[in-house]
$ cat entry04.pdb   # PDB, C-alpha atoms
MODEL        1
ATOM      1  CA  MET R  21       0.000   0.000   0.000
ATOM      2  CA  ALA R  22       1.312   3.465  -0.909
ATOM      3  CA  ASP R  23       1.714   6.381   1.457
ATOM      4  CA  ASP R  24       0.092   9.804   1.043
ATOM      5  CA  SER R  25       3.235  11.589  -0.182
ATOM      6  CA  THR R  26       4.087   9.677  -3.342
ATOM      7  CA  THR R  27       2.842   9.306  -6.857
ATOM      8  CA  ILE R  28       1.859   5.978  -8.289
ATOM      9  CA  GLU R  29       2.323   4.368 -11.649
ATOM     10  CA  LEU R  30      -0.892   4.524 -13.649
ATOM     11  CA  SER R  31      -0.844   3.617 -17.318
ATOM     12  CA  ARG R  32      -3.278   5.030 -19.844
ATOM     13  CA  SER R  33      -4.744   1.547 -20.351
ATOM     14  CA  GLU R  34      -5.322   1.190 -16.592
ATOM     15  CA  LEU R  35      -6.970   4.607 -16.496
ATOM     16  CA  ARG R  36      -9.196   3.568 -19.396
ATOM     17  CA  ALA R  37     -10.142   0.390 -17.494
ATOM     18  CA  VAL R  38     -11.029   2.430 -14.386
ATOM     19  CA  VAL R  39     -13.196   4.778 -16.456
ATOM     20  CA  GLY R  40     -14.844   1.939 -18.372
ATOM     21  CA  CYS R  41     -15.722   0.233 -15.108
ATOM     22  CA  ALA R  42     -17.051   3.490 -13.642
ATOM     23  CA  ALA R  43     -19.261   4.030 -16.695
ATOM     24  CA  ALA R  44     -20.574   0.457 -16.595
ATOM     25  CA  CYS R  45     -21.322   0.778 -12.876
ATOM     26  CA  ALA R  46     -23.126   4.118 -13.335
ATOM     27  CA  ARG R  47     -25.212   3.158 -16.392
ATOM     28  CA  PRO R  48     -27.901   1.090 -14.547
ATOM     29  CA  ALA R  49     -28.812   4.142 -12.452
ATOM     30  CA  LEU R  50     -29.573   6.230 -15.557
ATOM     31  CA  ALA R  51     -33.095   4.793 -15.597
ATOM     32  CA  VAL R  52     -33.665   6.237 -12.115
ATOM     33  CA  PHE R  53     -32.659   9.707 -13.289
ATOM     34  CA  GLU R  54     -34.486   9.524 -16.602
ATOM     35  CA  ARG R  55     -37.765   8.529 -14.915
ATOM     36  CA  GLU R  56     -37.674  11.861 -13.085
ATOM     37  CA  ARG R  57     -36.158  13.963 -15.891
ATOM     38  CA  PRO R  58     -36.757  12.224 -19.222
ATOM     39  CA  ASP R  59     -35.654  15.228 -21.283
ATOM     40  CA  ASP R  60     -32.403  15.878 -19.407
ATOM     41  CA  ARG R  61     -29.552  14.160 -21.274
ATOM     42  CA  ARG R  62     -26.658  15.451 -19.141
ATOM     43  CA  PRO R  63     -26.020  12.283 -17.099
ATOM     44  CA  ARG R  64     -26.310  10.066 -20.191
ATOM     45  CA  ALA R  65     -23.886  12.340 -22.054
ATOM     46  CA  ALA R  66     -21.373  12.033 -19.192
ATOM     47  CA  ILE R  67     -21.536   8.231 -19.201
ATOM     48  CA  ASP R  68     -21.277   8.152 -22.988
ATOM     49  CA  ALA R  69     -18.204  10.432 -22.839
ATOM     50  CA  ALA R  70     -16.629   8.117 -20.266
ATOM     51  CA  GLN R  71     -17.238   5.102 -22.483
ATOM     52  CA  VAL R  72     -15.744   6.876 -25.503
ATOM     53  CA  PHE R  73     -12.586   7.607 -23.478
ATOM     54  CA  ALA R  74     -12.462   4.026 -22.194
ATOM     55  CA  ALA R  75     -12.643   2.822 -25.811
ATOM     56  CA  GLY R  76      -9.565   4.832 -26.791
ATOM     57  CA  ALA R  77     -10.433   8.503 -27.276
ATOM     58  CA  GLU R  78      -8.422  11.243 -25.619
ATOM     59  CA  ARG R  79      -9.483  13.175 -22.554
ATOM     60  CA  THR R  80     -11.020  16.456 -23.600
ATOM     61  CA  ARG R  81     -12.455  19.592 -22.115
ATOM     62  CA  ALA R  82     -15.856  18.460 -23.444
ATOM     63  CA  MET R  83     -15.521  15.305 -21.359
ATOM     64  CA  ARG R  84     -14.728  17.313 -18.236
ATOM     65  CA  ASP R  85     -17.628  19.640 -19.038
ATOM     66  CA  SER R  86     -19.984  16.665 -19.352
ATOM     67  CA  SER R  87     -18.936  15.576 -15.876
ATOM     68  CA  TRP R  88     -19.678  19.020 -14.436
ATOM     69  CA  SER R  89     -23.008  19.133 -16.299
ATOM     70  CA  ALA R  90     -24.058  15.820 -14.757
ATOM     71  CA  HIS R  91     -23.115  17.165 -11.332
ATOM     72  CA  ARG R  92     -25.266  20.259 -11.984
ATOM     73  CA  ALA R  93     -28.147  17.925 -12.868
ATOM     74  CA  ALA R  94     -27.514  16.145  -9.559
ATOM     75  CA  GLN R  95     -27.698  19.420  -7.670
ATOM     76  CA  GLU R  96     -30.915  20.431  -9.425
ATOM     77  CA  THR R  97     -32.619  17.115  -8.683
ATOM     78  CA  ARG R  98     -31.464  17.191  -5.075
ATOM     79  CA  GLU R  99     -32.913  20.682  -4.680
ATOM     80  CA  ALA R 100     -36.168  19.366  -6.199
ATOM     81  CA  GLY R 101     -36.323  16.609  -3.573
ATOM     82  CA  GLN R 102     -35.438  13.838  -6.032
ATOM     83  CA  ALA R 103     -32.690  12.147  -4.017
ATOM     84  CA  ALA R 104     -32.472   8.946  -6.064
ATOM     85  CA  ALA R 105     -32.227  10.905  -9.322
ATOM     86  CA  SER R 106     -29.573  13.113  -7.749
ATOM     87  CA  ASP R 107     -27.392  10.133  -6.850
ATOM     88  CA  ALA R 108     -27.894   8.693 -10.327
ATOM     89  CA  ALA R 109     -26.698  11.925 -11.925
ATOM     90  CA  ARG R 110     -23.786  12.092  -9.488
ATOM     91  CA  ALA R 111     -22.794   8.555 -10.524
ATOM     92  CA  ALA R 112     -22.711   9.692 -14.150
ATOM     93  CA  GLY R 113     -20.649  12.758 -13.301
ATOM     94  CA  HIS R 114     -18.140  10.647 -11.404
ATOM     95  CA  ALA R 115     -17.891   8.192 -14.301
ATOM     96  CA  ALA R 116     -16.727  10.924 -16.676
ATOM     97  CA  GLY R 117     -14.648  12.556 -13.948
ATOM     98  CA  ALA R 118     -12.728   9.329 -13.322
ATOM     99  CA  ALA R 119     -10.734  10.046 -16.485
ATOM    100  CA  PHE R 120      -9.082  12.877 -14.556
ATOM    101  CA  LEU R 121      -7.900  10.665 -11.690
ATOM    102  CA  HIS R 122      -4.591  11.870 -10.272
ATOM    103  CA  PRO R 123      -1.764   9.374  -9.794
ATOM    104  CA  LEU R 124      -1.257  10.613  -6.237
ATOM    105  CA  ALA R 125      -1.113   8.018  -3.497
ATOM    106  CA  GLN R 126      -3.854   9.692  -1.470
ATOM    107  CA  ALA R 127      -6.880   7.987   0.008
ATOM    108  CA  THR R 128      -9.111  10.713  -1.419
ATOM    109  CA  GLN R 129      -8.294   9.498  -4.945
ATOM    110  CA  VAL R 130     -10.089   6.219  -4.175
ATOM    111  CA  ARG R 131     -13.338   8.177  -4.275
ATOM    112  CA  HIS R 132     -12.580   9.134  -7.891
ATOM    113  CA  ILE R 133     -12.235   5.456  -8.750
ATOM    114  CA  LEU R 134     -15.291   4.112  -6.902
ATOM    115  CA  ALA R 135     -17.767   7.000  -6.531
ATOM    116  CA  ALA R 136     -19.664   6.161  -9.727
ATOM    117  CA  ALA R 137     -20.431   2.670  -8.429
ATOM    118  CA  ALA R 138     -21.337   3.894  -4.938
ATOM    119  CA  HIS R 139     -23.640   6.698  -6.111
ATOM    120  CA  ALA R 140     -25.324   4.316  -8.553
ATOM    121  CA  ALA R 141     -25.842   1.813  -5.728
ATOM    122  CA  ARG R 142     -27.332   4.543  -3.559
ATOM    123  CA  ALA R 143     -29.624   5.716  -6.362
ATOM    124  CA  LEU R 144     -30.865   2.187  -6.922
ATOM    125  CA  GLU R 145     -31.477   1.531  -3.243
ATOM    126  CA  LEU R 146     -33.314   4.854  -2.810
ATOM    127  CA  ALA R 147     -35.461   4.069  -5.863
ATOM    128  CA  ALA R 148     -36.317   0.741  -4.195
ATOM    129  CA  GLY R 149     -37.626   2.418  -1.042
ATOM    130  CA  ASP R 150     -34.203   2.854   0.609
ATOM    131  CA  ASP R 151     -33.568  -0.884   0.522
ATOM    132  CA  PRO R 152     -29.905  -1.483   1.455
ATOM    133  CA  THR R 153     -29.948  -4.961  -0.099
ATOM    134  CA  VAL R 154     -30.402  -3.341  -3.528
ATOM    135  CA  GLY R 155     -27.316  -1.190  -2.916
ATOM    136  CA  ALA R 156     -25.362  -4.188  -1.657
ATOM    137  CA  ASP R 157     -26.298  -6.141  -4.777
ATOM    138  CA  HIS R 158     -25.043  -3.318  -7.001
ATOM    139  CA  ILE R 159     -21.785  -3.126  -5.038
ATOM    140  CA  ALA R 160     -21.335  -6.905  -5.448
ATOM    141  CA  TRP R 161     -21.947  -6.576  -9.204
ATOM    142  CA  SER R 162     -19.534  -3.609  -9.351
ATOM    143  CA  ARG R 163     -16.892  -5.712  -7.624
ATOM    144  CA  ILE R 164     -17.173  -8.307 -10.385
ATOM    145  CA  LEU R 165     -16.866  -5.608 -13.064
ATOM    146  CA  ALA R 166     -13.814  -4.107 -11.375
ATOM    147  CA  ARG R 167     -11.654  -7.212 -11.286
ATOM    148  CA  PRO R 168      -8.772  -7.578 -11.924
ATOM    149  CA  VAL R 169      -7.446  -4.278 -13.348
ATOM    150  CA  VAL R 170      -9.311  -1.869 -11.080
ATOM    151  CA  ALA R 171      -8.474  -4.007  -8.054
ATOM    152  CA  ASP R 172      -4.801  -3.855  -9.035
ATOM    153  CA  VAL R 173      -4.979  -0.065  -9.390
ATOM    154  CA  LEU R 174      -6.688   0.303  -6.000
ATOM    155  CA  ARG R 175      -3.964  -1.763  -4.348
ATOM    156  CA  ARG R 176      -1.572   1.139  -5.037
ATOM    157  CA  TYR R 177      -3.702   3.603  -3.098
ATOM    158  CA  PRO R 178      -4.354   3.884   0.635
ATOM    159  CA  VAL R 179      -7.746   2.534   1.719
ATOM    160  CA  ALA R 180     -10.806   4.735   1.211
ATOM    161  CA  PRO R 181     -11.372   7.265   3.979
ATOM    162  CA  ARG R 182     -14.167   6.527   6.458
ATOM    163  CA  GLY R 183     -17.105   8.794   7.190
ATOM    164  CA  GLY R 184     -19.411  10.860   5.061
ATOM    165  CA  GLY R 185     -22.710   8.995   4.999
ATOM    166  CA  ARG R 186     -24.143   6.101   3.051
ATOM    167  CA  VAL R 187     -22.244   6.734  -0.202
ATOM    168  CA  ALA R 188     -18.934   6.799   1.673
ATOM    169  CA  GLU R 189     -19.932   3.564   3.397
ATOM    170  CA  LEU R 190     -20.596   1.953  -0.006
ATOM    171  CA  ILE R 191     -17.230   3.203  -1.308
ATOM    172  CA  CYS R 192     -15.476   1.692   1.724
ATOM    173  CA  GLN R 193     -17.276  -1.635   1.250
ATOM    174  CA  LEU R 194     -16.315  -1.842  -2.415
ATOM    175  CA  ASP R 195     -12.754  -0.696  -1.743
ATOM    176  CA  ALA R 196     -12.256  -3.243   1.041
ATOM    177  CA  SER R 197     -13.504  -6.104  -1.108
ATOM    178  CA  LEU R 198     -11.350  -5.066  -4.071
ATOM    179  CA  GLN R 199      -8.280  -4.494  -1.890
ATOM    180  CA  LEU R 200      -8.786  -8.018  -0.571
ATOM    181  CA  ASP R 201      -9.064  -9.356  -4.132
ATOM    182  CA  ALA R 202      -5.804  -7.639  -5.053
ATOM    183  CA  SER R 203      -3.991  -8.978  -1.977
ATOM    184  CA  LEU R 204      -5.033 -12.545  -2.828
ATOM    185  CA  ARG R 205      -3.402 -12.415  -6.265
TER     186      ARG R 205
ENDMDL
END
$ encode --input "entry04.pdb" --output "structure tokens"
Amino acid sequence: MADDSTTIELSRSELRAVVGCAAACARPALAVFERERPDDRRPRAAIDAAQVFAAGAERTRAMRDSSWSAHRAAQETREAGQAAASDAARAAGHAAGAAFLHPLAQATQVRHILAAAAHAARALELAAGDDPTVGADHIAWSRILARPVVADVLRRYPVAPRGGGRVAELICQLDASLQLDASLR
């Protein structure tokens, strides 16, 4: 495990794998957002931009902008009392934002890797009446999607920081299971 003062090795192909996983983990929550805001394409555009990068395109300002746009959609839905839709949009924003992960060995960077999966899990569990088993199922599915490349990348970072509510709890659960996967290899 790395300490907080160093940089880590992170290849472009590993970064693409992280982003591809983030996009795949966020995509199921799009339906939650689009039920509330069927004409708002910002979260879908962010996930699509992430998938284009994962498939080989370069990082662009438009990609970063799509991430910020999805986060604005999340803020708007949160202010409208649509918590599940807000988390779904946040998942999309984090999927596109994962392409801008820093190779700094800081625990806060783990959030950039796993936030799309955790926000999607939270959106899905809120949409199911705040059922934590739905979130746990999405985290288990995300764990399968993340192996082995994302687990290997996470091994280079400190563990996810504790605290910060349900989404942080989901990030810690996914991180712990993937860190364990990486240590068993």
$ resolve_selection --input "entry04.pdb" --expression "the PyMOL selection byres ((chain R and resi 53) around 9)" --output "JSON, numbers by chain"
{"R": [49, 50, 51, 52, 54, 55, 56, 57, 58, 60, 63, 97, 102, 104, 105, 106, 107, 108, 109, 143]}
$ resolve_selection --input "entry04.pdb" --expression "the PyMOL selection byres ((chain R and resi 34-37) around 10)" --output "PyMOL selection string"
chain R and resi 29-33+38-43+70-78+118-123+133+166-170+172-173
$ residues_around --input "entry04.pdb" --residues "R:Gly117" --least-positions-apart "5" --cutoff "8 Å" --atoms "only C-alpha atoms" --output "list in words"
Ala70, Met83, Arg84, Ser87 and His132 of chain R
$ resolve_selection --input "entry04.pdb" --expression "the PyMOL selection byres ((chain R and resi 182-192) around 8)" --output "JSON, numbers by chain"
{"R": [131, 134, 135, 137, 138, 139, 141, 142, 155, 156, 159, 179, 180, 181, 193, 194, 195, 196]}
$ atom_distance --input "entry04.pdb" --atom1 "atom CA of R:Val154" --atom2 "atom CA of R:Cys45"
13.7 Å
$ atom_distance --input "entry04.pdb" --atom1 "atom CA of R:Leu124" --atom2 "atom CA of R:Leu174"
11.7 Å
$ closest_residue --input "entry04.pdb" --among "R:Pro178, R:Gly149, R:Arg62, R:Ala115" --to "R:Ala127" --atoms "only C-alpha atoms"
R:Pro178
$ atom_distance --input "entry04.pdb" --atom1 "atom CA of R:Glu99" --atom2 "atom CA of R:Gln129"
27.0 Å
$ closest_residue --input "entry04.pdb" --among "R:Thr27, R:Ala136, R:Asp68, R:Val130" --to "R:Ala46" --atoms "all atoms listed in the file"
R:Ala136
$ build_atoms --input "entry04.pdb" --residues "stretch 67-97 of chain R" --atoms "N, CA and C atoms" --output "short mmCIF file (atom, residue, chain, number, x, y, z; two decimals), keeping the file's coordinate frame"
data_model
loop_
_atom_site.label_atom_id
_atom_site.label_comp_id
_atom_site.auth_asym_id
_atom_site.auth_seq_id
_atom_site.Cartn_x
_atom_site.Cartn_y
_atom_site.Cartn_z
N ILE R 67 -21.88 9.65 -19.12
CA ILE R 67 -21.54 8.23 -19.20
C ILE R 67 -21.05 7.88 -20.61
N ASP R 68 -21.71 8.41 -21.61
CA ASP R 68 -21.28 8.15 -22.99
C ASP R 68 -19.86 8.68 -23.22
N ALA R 69 -19.55 9.87 -22.70
CA ALA R 69 -18.20 10.43 -22.84
C ALA R 69 -17.18 9.54 -22.15
N ALA R 70 -17.53 9.02 -20.98
CA ALA R 70 -16.63 8.12 -20.27
C ALA R 70 -16.37 6.86 -21.09
N GLN R 71 -17.41 6.32 -21.69
CA GLN R 71 -17.24 5.10 -22.48
C GLN R 71 -16.40 5.36 -23.73
N VAL R 72 -16.55 6.53 -24.33
CA VAL R 72 -15.74 6.88 -25.50
C VAL R 72 -14.27 6.95 -25.11
N PHE R 73 -13.98 7.57 -23.96
CA PHE R 73 -12.59 7.61 -23.48
C PHE R 73 -12.08 6.20 -23.19
N ALA R 74 -12.88 5.40 -22.52
CA ALA R 74 -12.46 4.03 -22.19
C ALA R 74 -12.16 3.22 -23.46
N ALA R 75 -12.84 3.54 -24.55
CA ALA R 75 -12.64 2.82 -25.81
C ALA R 75 -11.44 3.33 -26.60
N GLY R 76 -10.79 4.40 -26.12
CA GLY R 76 -9.56 4.83 -26.79
C GLY R 76 -9.46 6.30 -27.14
N ALA R 77 -10.51 7.07 -26.97
CA ALA R 77 -10.43 8.50 -27.28
C ALA R 77 -9.57 9.22 -26.23
N GLU R 78 -9.20 10.43 -26.55
CA GLU R 78 -8.42 11.24 -25.62
C GLU R 78 -9.34 11.94 -24.62
N ARG R 79 -8.75 12.34 -23.50
CA ARG R 79 -9.48 13.18 -22.55
C ARG R 79 -9.62 14.56 -23.17
N THR R 80 -10.79 15.14 -23.01
CA THR R 80 -11.02 16.46 -23.60
C THR R 80 -11.72 17.37 -22.60
N ARG R 81 -11.71 18.64 -22.93
CA ARG R 81 -12.46 19.59 -22.12
C ARG R 81 -13.95 19.27 -22.16
N ALA R 82 -14.44 18.82 -23.32
CA ALA R 82 -15.86 18.46 -23.44
C ALA R 82 -16.20 17.33 -22.48
N MET R 83 -15.29 16.40 -22.29
CA MET R 83 -15.52 15.30 -21.36
C MET R 83 -15.61 15.83 -19.93
N ARG R 84 -14.69 16.71 -19.57
CA ARG R 84 -14.73 17.31 -18.24
C ARG R 84 -16.02 18.11 -18.06
N ASP R 85 -16.39 18.86 -19.10
CA ASP R 85 -17.63 19.64 -19.04
C ASP R 85 -18.85 18.74 -18.86
N SER R 86 -18.85 17.58 -19.51
CA SER R 86 -19.98 16.66 -19.35
C SER R 86 -20.08 16.16 -17.92
N SER R 87 -18.94 15.98 -17.29
CA SER R 87 -18.94 15.58 -15.88
C SER R 87 -19.57 16.67 -15.02
N TRP R 88 -19.13 17.90 -15.22
CA TRP R 88 -19.68 19.02 -14.44
C TRP R 88 -21.17 19.20 -14.72
N SER R 89 -21.59 19.01 -15.96
CA SER R 89 -23.01 19.13 -16.30
C SER R 89 -23.84 18.08 -15.57
N ALA R 90 -23.34 16.87 -15.49
CA ALA R 90 -24.06 15.82 -14.76
C ALA R 90 -24.14 16.17 -13.27
N HIS R 91 -23.09 16.75 -12.74
CA HIS R 91 -23.12 17.16 -11.33
C HIS R 91 -24.11 18.31 -11.12
N ARG R 92 -24.24 19.21 -12.09
CA ARG R 92 -25.27 20.26 -11.98
C ARG R 92 -26.66 19.64 -12.01
N ALA R 93 -26.86 18.64 -12.85
CA ALA R 93 -28.15 17.92 -12.87
C ALA R 93 -28.41 17.28 -11.51
N ALA R 94 -27.36 16.75 -10.89
CA ALA R 94 -27.51 16.14 -9.56
C ALA R 94 -27.94 17.19 -8.54
N GLN R 95 -27.34 18.34 -8.60
CA GLN R 95 -27.70 19.42 -7.67
C GLN R 95 -29.15 19.85 -7.87
N GLU R 96 -29.54 20.01 -9.12
CA GLU R 96 -30.92 20.43 -9.43
C GLU R 96 -31.94 19.41 -8.93
N THR R 97 -31.67 18.14 -9.13
CA THR R 97 -32.62 17.11 -8.68
C THR R 97 -32.63 17.02 -7.16
#
